[in-house]
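Visitor: Pasting in a structure now, in C-alpha cells, and then I'll have a few things to ask.
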Amino acid sequence: METENRVNFTYMGTSYGDVDDDSSAFSECNSDRSGEFPTASSESRRLLMACVSENSDDLIRQLVADLESCSINDQKQAAMEIRLLAKNKSENRLKIAKAGAVKPLVSLISSSDPQVQEYGVTAILNLSLCDENKQLIASSGAIKPLVRSLKTGTSTAKENAACALLRLSQLEENKILIGRSGAIPPLVSLLENGGVRGKKDASTALYSLCSGKENKIRAVQAGVMKPLVELMADFSSNMVDKSAYVMSLLVTLSEAKTSLVEEGGIPVLVEIIEVGTQRQKEIAVAILLQVCEESVVYRTLVAREGAIPPLVALSQSGTNRAKQKAEALIELLRQPRSGNAAARASDVSV
C-alpha cells in the first residue's frame, strides 16, 4: 500500500496540519532578482570588490553621502550600489542602515525618475531582510511611499514594493498601518494584472496583511475574490495553493462568502477536491465547509455541483485533516433542505 509523506505546514504563524510535503505554499520575498552588474563600469568593478571584501564600511559611508547629492545621477548610482551591497552580503544590511541610508532611500522612493524610484524601493526591500531594520524603515516613513510605488511604479518597483511591505508587515503593529495607507487595492490589482512574480508577491503580501478583520474587509471590497477564483481555476498558474490559502483567511467574512459564490467559486472548489493535490484538496474542503456551515442555500449549491462523490473519496483517502473536514461537510450536505431553501438557491447567481 502506498504511504503518504505528510508534514505540518506553518506559514506566518498559521498552522495547516498533516498536509503533503510538496513545497511551501508561499515562498518568502527574498532580495531582488534583477541583474547584478548591468555594465562593466569602474563603479561596478568597485562594487564587486566591496562585495567580496571583508570591509565595505568606507564605501558604505560614501554611498550614503551620495544619496543626498544634488546630482540625480549620483543618487541613482548610490542607490543601485547600496541595493546590490545589501543583496549580496547580509551583514551589510545592518551596516547600511546604521550608516543612515534609510531616510534618504525613503526620499528616493518618491522620485519622479522611475529608475531612481525603483532602485530606492529595491534597496529598502533588501535592507528589510534584516529583522533589526524593519522598525527603523517603518518609522522613517517608508510605508506610504512604498504604497505609491506599488500603485504607479515600474513593474519591478511594484513587485519589490509588495515584497518590502510584506517584510514590514511581519511586525504586527505595521499591518493595520499598511492597510490604512491604501496598500490593499494595489496589491489586489497586482494579483489580477501582474506578471508571474507579481502575482506571487501580491498573494504572499495579502496573506500576511489579511490576518486581521480590517484588512480582510478592505481586500473583499477591493474585489480580491475575482482574481483568487480565477487563479484557483487555472492549474497551470502555479497559484492554486497560494490563492486558496488567501481565500481561506477571507471566507470568515460573510461578504467574502457572498463574493466567492457570485464569482463562481463553488464549482472551482469542487473541481479542486476532485483533481487537485492533497494539499489543494485539504484547503478547498476547509473553505467549502466554512461557506456551508451557516447557509442552507450554499449547501444546496455545493450539493448540486456534484460535491458529494469527491468528498466521499476524500474522506477515505485524504490527509487526516482533509478526511475530518470532508466528513463534516458531507454530513452538512446530507441534512434535509427545505423547499424554500432550494428555491432560493436557484436564484443565486453563480
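Starting from 1 in every chain, residues are counted up; chains themselves are A, B, ... following the order of the C-alpha cells, and ligands are numbered from 1 as listed.
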List as a list in words the protein and nucleic acid residues near Leu168 of chain A, meaning an atom at most 9 Å away when only C-alpha atoms are counted, but skip any in the same chain fewer than 4 places from it.
Guide: Ser128, Lys134, Gln135, Ile137, Ala138, Ile143, Cys163, Ala164, Glu172, Asn174, Lys175 and Ile178 of chain A
Visitor: Find the residues near Glu159 of chain A: any atom within 8 Å, counting only C-alpha atoms, skip ones fewer than 2 places away on the same chain, and give them as a ChimeraX atom specification.
Guide: /A:150,155-157,161-163,197-198,201-202
Visitor: If you run DSSP on the backbone here, which positions in segment 130-308 of chain A get alpha helix (DSSP H)? Please write them as a count of residues only.
Guide: 141
Visitor: Please identify all polymer residues within 6 Å of segment 112-124 of chain A, counting only C-alpha atoms, omitting same-chain residues fewer than 4 positions from it, and present them as a PyMOL selection string.
Guide: chain A and resi 76+79-80+83+105+108+157+160
Visitor: Excluding Lys98 of chain A and its own-chain neighbours fewer than 6 positions away, which residues fall within 12 Å of it when counting only C-alpha atoms? Please give them as an MDAnalysis selection string.
Guide: chainID A and resid 57 60:61 64 91:92 127 130 132:133 136:137
